2 protein chains.
Amino acid sequence: MKKSIDIDDMVQRLLAGDRRAAARLITLVEDGMEKSHEVMKRVYPHTGQAMILGITGSGGVGKSTLTDQLIHKLRKQGKTVGVVVVDPSSPFSGGAFLGDRIRLQSHSQDDGVYVRSMASRGYLGGLSRSTYDVIRIIEAMGMEVIIVETLGAGQDEVDVIHIAHTCLLVLTPGMGDDIQAMKAGIMEIADIIVLNKADLQGANTSLRHLQSTLSVASLKGKEWIPPIIQTVSVASKAENIQGIDELTAAIARHHEYLQKTKVIDQIKFERVEQELGLIFKDELQKLIFKGLKGTGKKKKYINSIIEARADPYSVVEEVLNTYLVPRQ
Amino acid sequence: MKKSIDIDDMVQRLLAGDRRAAARLITLVEDGMEKSHEVMKRVYPHTGQAMILGITGSGGVGKSTLTDQLIHKLRKQGKTVGVVVVDPSSPFSGGAFLGDRIRLQSHSQDDGVYVRSMASRGYLGGLSRSTYDVIRIIEAMGMEVIIVETLGAGQDEVDVIHIAHTCLLVLTPGMGDDIQAMKAGIMEIADIIVLNKADLQGANTSLRHLQSTLSVASLKGKEWIPPIIQTVSVASKAENIQGIDELTAAIARHHEYLQKTKVIDQIKFERVEQELGLIFKDELQKLIFKGLKGTGKKKKYINSIIEARADPYSVVEEVLNTYLVPRQ
């Protein structure tokens, strides 16, 4: 049996919502080999319709519990939900990892929910490239809302969150004092600010800091001023949850704003632009490495740089002139 | 006055240790424009001799205080020290930012110390590319030890820490329970494990967990088993600092190990390999964009993908076939 037939078949099953097909295709794509192109070529035309919701914030602010609550809420509204959790297995991410998994697994019997975790490293072509592909695959599966949860540190993660249509920045009261330093970041990334654990001490101070930061922004004539939603969302204390209704209402308002102003078109454009740029870089590098392969030249070049007989910029110029000719 | 003469002059001043020349050259390089190539071509031959020390760990574990202590120690040994702090201005990095700056500024009157902070985003060519260049510039300035401090989340940061000769992973007792999940990460990244805040509750449990993790590794016949150094390094409590002597001794032992086994040569090779790869990608992308510029084709391509009339992999193939011919 030809491999291409396998992929055709698996993509057909993916489009029908088959979870095992999704898992196998995601694995193929994460491996980053030639076959991943075949997969993505077939998947792309069936994507682009889902609403993408980003959830970001430091470790311990309660992103996973919020994600869990949002899934419940969206399911009640009859929407199917895909979740991509970036960086659960980082050696530095602290305590929440196992608990998160268990929490999200409470949806594992629900065909309307598909959860995929991604480690923060080890992807050929980088984390953002792999994450983009995985989001596309989950879209093709038919999920109407895709939640992308990231730790919010590192350029790849920031890139990933930029393709979200609506981005929630989750903060906790303890971070109140740093609001001044965060101004630029907040206004750039957050469409909605979630002040989680709003029952903790210091919540009022944090809220006032945030409000004054945002009121400065509103004076600058921004069209969308991020609302601040206070939530209490504690793991395994369902009876104490507060603010999720307000949060989903704010998400709906932002969604409406994006449609009305056509800002959504710009976001979709930038998403494809980013994806295209990453694929370009990879393919170009492959072209070059094909030229160098087996010649032993790469090692010679590197050693000449180590021994200060050359610099990498001159080496790159030389290699490009040797192996590639731009068509005029 | 020609710009190239300016750069020659500034690089000469850099090599003489001029801090203002360093700052201006770093700014040029961070901007990522054509001039940065001219700078780096001149800087490279004067680099490659410094010892590069990586310090990584989550926010709040005390990386900056340890860095500060190591600077003091290294200065007492008569060594000049460059410091590159990655990600101080992340909107998510939590509380330590301003305090860090102030702490490291205590060295600002010392010509033997040069500190540079890098934001985690907004660099053309990416964070790791910019960081590599900045490290080279500080090396060319004559700094004998370069400390690279990162938050340790995100692929770029992990890449950056991989070029360090000796990498300290800083943990605190609170993280003890997650040691099992961290095994792979620890063994891959850390040359020395620093258990900071070793006076806190739970330190003994964390220590035992770490020791058993590492003893498994030692059975696998690894040549270098990361020592665990317990430190107490609290901001603005100089009298309470413990373990810094042990830490610098461990760093010296690892340095010796790298020299004796020639592992250092492999690290230096990989550093150049990474730098070369990133420069390749950028230059190749520029080549392509030059071909597309002003033709309006990029927009057309992106729109065809958004409208599901094409997929990005096919677009990349088409553009490569149109604009580049590999020389045979």
# chains A, B, ... in the order shown; residues from 1 in each chain; ligands from 1

$ residues_around --residues "segment 270-275 of chain B" --least-positions-apart "5" --cutoff "7 Å" --atoms "only C-alpha atoms" --output "JSON, numbers by chain"
{"A": [302], "B": [129, 163]}

$ write_last_selection --atoms "C-alpha atoms" --output "mmCIF file, in the first residue's frame"
data_model
loop_
_atom_site.group_PDB
_atom_site.id
_atom_site.type_symbol
_atom_site.label_atom_id
_atom_site.label_comp_id
_atom_site.auth_asym_id
_atom_site.auth_seq_id
_atom_site.Cartn_x
_atom_site.Cartn_y
_atom_site.Cartn_z
ATOM 1 C CA ILE A 302 32.465 25.916 10.979
ATOM 2 C CA ARG B 129 20.148 35.284 16.826
ATOM 3 C CA ILE B 163 25.671 27.489 23.745
#

$ residues_around --residues "Ile244 of chain A" --least-positions-apart "4" --cutoff "9 Å" --atoms "only C-alpha atoms" --output "PyMOL selection string"
chain A and resi 66+69-70+73+229-233+248-249

$ residues_around --residues "Leu207 of chain A" --least-positions-apart "4" --cutoff "12 Å" --atoms "only C-alpha atoms" --output "ChimeraX atom specification"
/A:171-177,179,193-203,211-214,227-231

$ write_last_selection --atoms "N, CA and C atoms" --output "compact mmCIF listing (two decimals), in the first residue's frame"
# COMPACT_ATOMS: atom_id res chain seq x y z
N LEU A 171 -4.02 37.19 34.96
CA LEU A 171 -3.16 37.73 36.01
C LEU A 171 -3.73 37.33 37.36
N THR A 172 -2.92 37.48 38.40
CA THR A 172 -3.43 37.29 39.76
C THR A 172 -3.06 38.51 40.59
N PRO A 173 -3.76 38.73 41.68
CA PRO A 173 -3.51 39.93 42.49
C PRO A 173 -2.05 40.14 42.84
N GLY A 174 -1.32 39.10 43.13
CA GLY A 174 0.08 39.25 43.53
C GLY A 174 0.93 40.03 42.56
N MET A 175 0.48 40.08 41.29
CA MET A 175 1.29 40.72 40.27
C MET A 175 1.01 42.21 40.16
N GLY A 176 0.13 42.71 41.02
CA GLY A 176 -0.34 44.09 40.91
C GLY A 176 0.74 45.14 40.85
N ASP A 177 1.80 44.94 41.60
CA ASP A 177 2.82 45.97 41.70
C ASP A 177 3.61 46.15 40.42
N ILE A 179 2.42 46.19 37.45
CA ILE A 179 1.56 46.63 36.36
C ILE A 179 2.23 47.69 35.50
N ILE A 193 -8.53 41.07 29.86
CA ILE A 193 -7.67 40.79 31.00
C ILE A 193 -8.49 40.05 32.05
N VAL A 194 -7.98 38.92 32.47
CA VAL A 194 -8.67 38.14 33.50
C VAL A 194 -7.88 38.29 34.79
N LEU A 195 -8.51 38.88 35.78
CA LEU A 195 -7.89 38.94 37.09
C LEU A 195 -8.43 37.75 37.88
N ASN A 196 -7.67 36.67 37.83
CA ASN A 196 -8.12 35.43 38.46
C ASN A 196 -7.73 35.44 39.95
N LYS A 197 -8.34 34.55 40.70
CA LYS A 197 -8.13 34.51 42.16
C LYS A 197 -8.48 35.87 42.77
N ALA A 198 -9.58 36.43 42.27
CA ALA A 198 -9.97 37.79 42.66
C ALA A 198 -10.44 37.85 44.10
N ASP A 199 -10.48 36.69 44.76
CA ASP A 199 -10.84 36.68 46.18
C ASP A 199 -9.61 36.83 47.07
N LEU A 200 -8.44 36.84 46.46
CA LEU A 200 -7.21 36.96 47.26
C LEU A 200 -6.99 38.39 47.71
N GLN A 201 -6.17 38.50 48.77
CA GLN A 201 -5.78 39.82 49.26
C GLN A 201 -5.05 40.59 48.17
N GLY A 202 -5.29 41.87 48.09
CA GLY A 202 -4.58 42.68 47.11
C GLY A 202 -5.33 42.81 45.79
N ALA A 203 -6.46 42.12 45.68
CA ALA A 203 -7.18 42.13 44.41
C ALA A 203 -7.65 43.53 44.04
N GLN A 211 -6.95 49.27 36.00
CA GLN A 211 -7.91 50.22 35.45
C GLN A 211 -7.23 51.51 35.03
N SER A 212 -6.27 51.99 35.84
CA SER A 212 -5.63 53.26 35.47
C SER A 212 -4.73 53.07 34.25
N THR A 213 -4.08 51.92 34.17
CA THR A 213 -3.28 51.62 32.98
C THR A 213 -4.15 51.66 31.73
N LEU A 214 -5.31 51.03 31.83
CA LEU A 214 -6.16 50.91 30.66
C LEU A 214 -6.85 52.23 30.32
N PRO A 227 -11.45 44.78 28.47
CA PRO A 227 -12.18 44.77 29.74
C PRO A 227 -11.41 43.92 30.76
N ILE A 228 -11.60 44.25 32.02
CA ILE A 228 -10.99 43.45 33.09
C ILE A 228 -12.09 42.59 33.71
N ILE A 229 -11.94 41.30 33.62
CA ILE A 229 -12.93 40.39 34.19
C ILE A 229 -12.33 39.74 35.43
N GLN A 230 -13.01 39.89 36.54
CA GLN A 230 -12.53 39.25 37.77
C GLN A 230 -13.13 37.85 37.87
N THR A 231 -12.27 36.88 38.10
CA THR A 231 -12.76 35.51 38.23
C THR A 231 -12.21 34.86 39.49

$ residues_around --residues "Ile147 of chain A" --least-positions-apart "4" --cutoff "12 Å" --atoms "only C-alpha atoms" --output "PyMOL selection string"
chain A and resi 50-56+63-64+66-71+74+80-86+113-117+131+134-135+138-139+143+160-161+163-168

$ closest_residue --among "A:Gly57, A:Pro226, A:Gly78, A:Gly294" --to "chain B" --atoms "only C-alpha atoms"
A:Gly57

$ atom_distance --atom1 "atom CA of Lys299 of chain B" --atom2 "atom CA of Gly48 of chain A"
16.8 Å

$ residues_around --residues "Arg13 of chain B" --least-positions-apart "6" --cutoff "12 Å" --atoms "only C-alpha atoms" --output "PyMOL selection string"
chain B and resi 6-7+19-25+43+137+140-142

$ closest_residue --among "A:His72, A:Lys262, A:Lys281, A:His209" --to "chain B" --atoms "only C-alpha atoms"
A:Lys281

$ residues_around --residues "Leu278 of chain A" --least-positions-apart "4" --cutoff "12 Å" --atoms "only C-alpha atoms" --output "list in words"
Leu124, Gly125, Gly126, Leu127, Ser128, Arg129, Ser130, Thr131, Tyr132, Asp133, Asp156, Asp159, Arg271, Val272, Glu273, Gln274, Asp282, Glu283, Leu284 and Gln285 of chain A; Gly125, Lys281, Asp282, Leu284, Gln285, Pro312, Tyr313 and Val316 of chain B

$ write_last_selection --atoms "C-alpha atoms" --output "compact mmCIF listing (two decimals), in the first residue's frame"
# COMPACT_ATOMS: atom_id res chain seq x y z
CA LEU A 124 11.93 20.38 13.75
CA GLY A 125 11.16 23.83 12.45
CA GLY A 126 10.37 25.14 15.91
CA LEU A 127 7.52 25.20 18.35
CA SER A 128 5.41 27.81 16.60
CA ARG A 129 5.56 26.01 13.25
CA SER A 130 4.40 22.74 14.85
CA THR A 131 1.71 24.47 16.89
CA TYR A 132 0.30 26.20 13.82
CA ASP A 133 0.07 22.87 12.01
CA ASP A 156 7.75 31.26 20.09
CA ASP A 159 4.20 34.32 18.28
CA ARG A 271 -1.67 34.10 10.64
CA VAL A 272 -1.06 32.87 7.10
CA GLU A 273 1.82 35.31 6.67
CA GLN A 274 3.55 33.84 9.71
CA ASP A 282 12.65 25.61 6.47
CA GLU A 283 12.45 24.80 2.80
CA LEU A 284 15.23 27.17 1.92
CA GLN A 285 17.48 25.70 4.55
CA GLY B 125 15.80 37.24 13.09
CA LYS B 281 17.69 31.28 7.22
CA ASP B 282 17.58 35.06 7.39
CA LEU B 284 17.64 33.11 2.31
CA GLN B 285 14.39 34.73 3.33
CA PRO B 312 1.23 27.33 2.03
CA TYR B 313 3.39 24.32 1.22
CA VAL B 316 6.43 27.86 -1.07

$ closest_residue --among "A:Leu287, A:Leu276, A:Leu28, A:Ile267" --to "Ala310 of chain B" --atoms "only C-alpha atoms"
A:Leu276

$ closest_residue --among "B:Ser314, B:Asp265, B:Ile306, B:Leu15" --to "Thr47 of chain A" --atoms "only C-alpha atoms"
B:Ile306

$ select_by_dssp --residues "segment 194-295 of chain A" --states "strand (DSSP E)" --output "PyMOL selection string"
chain A and resi 194-195+228-230

$ write_last_selection --atoms "C-alpha atoms" --output "PDB file, in the first residue's frame"
ATOM      1  CA  VAL A 194      -8.669  38.141  33.497  1.00  0.00           C
ATOM      2  CA  LEU A 195      -7.885  38.939  37.093  1.00  0.00           C
ATOM      3  CA  ILE A 228     -10.994  43.452  33.092  1.00  0.00           C
ATOM      4  CA  ILE A 229     -12.931  40.392  34.186  1.00  0.00           C
ATOM      5  CA  GLN A 230     -12.532  39.251  37.767  1.00  0.00           C
TER       6      GLN A 230
END
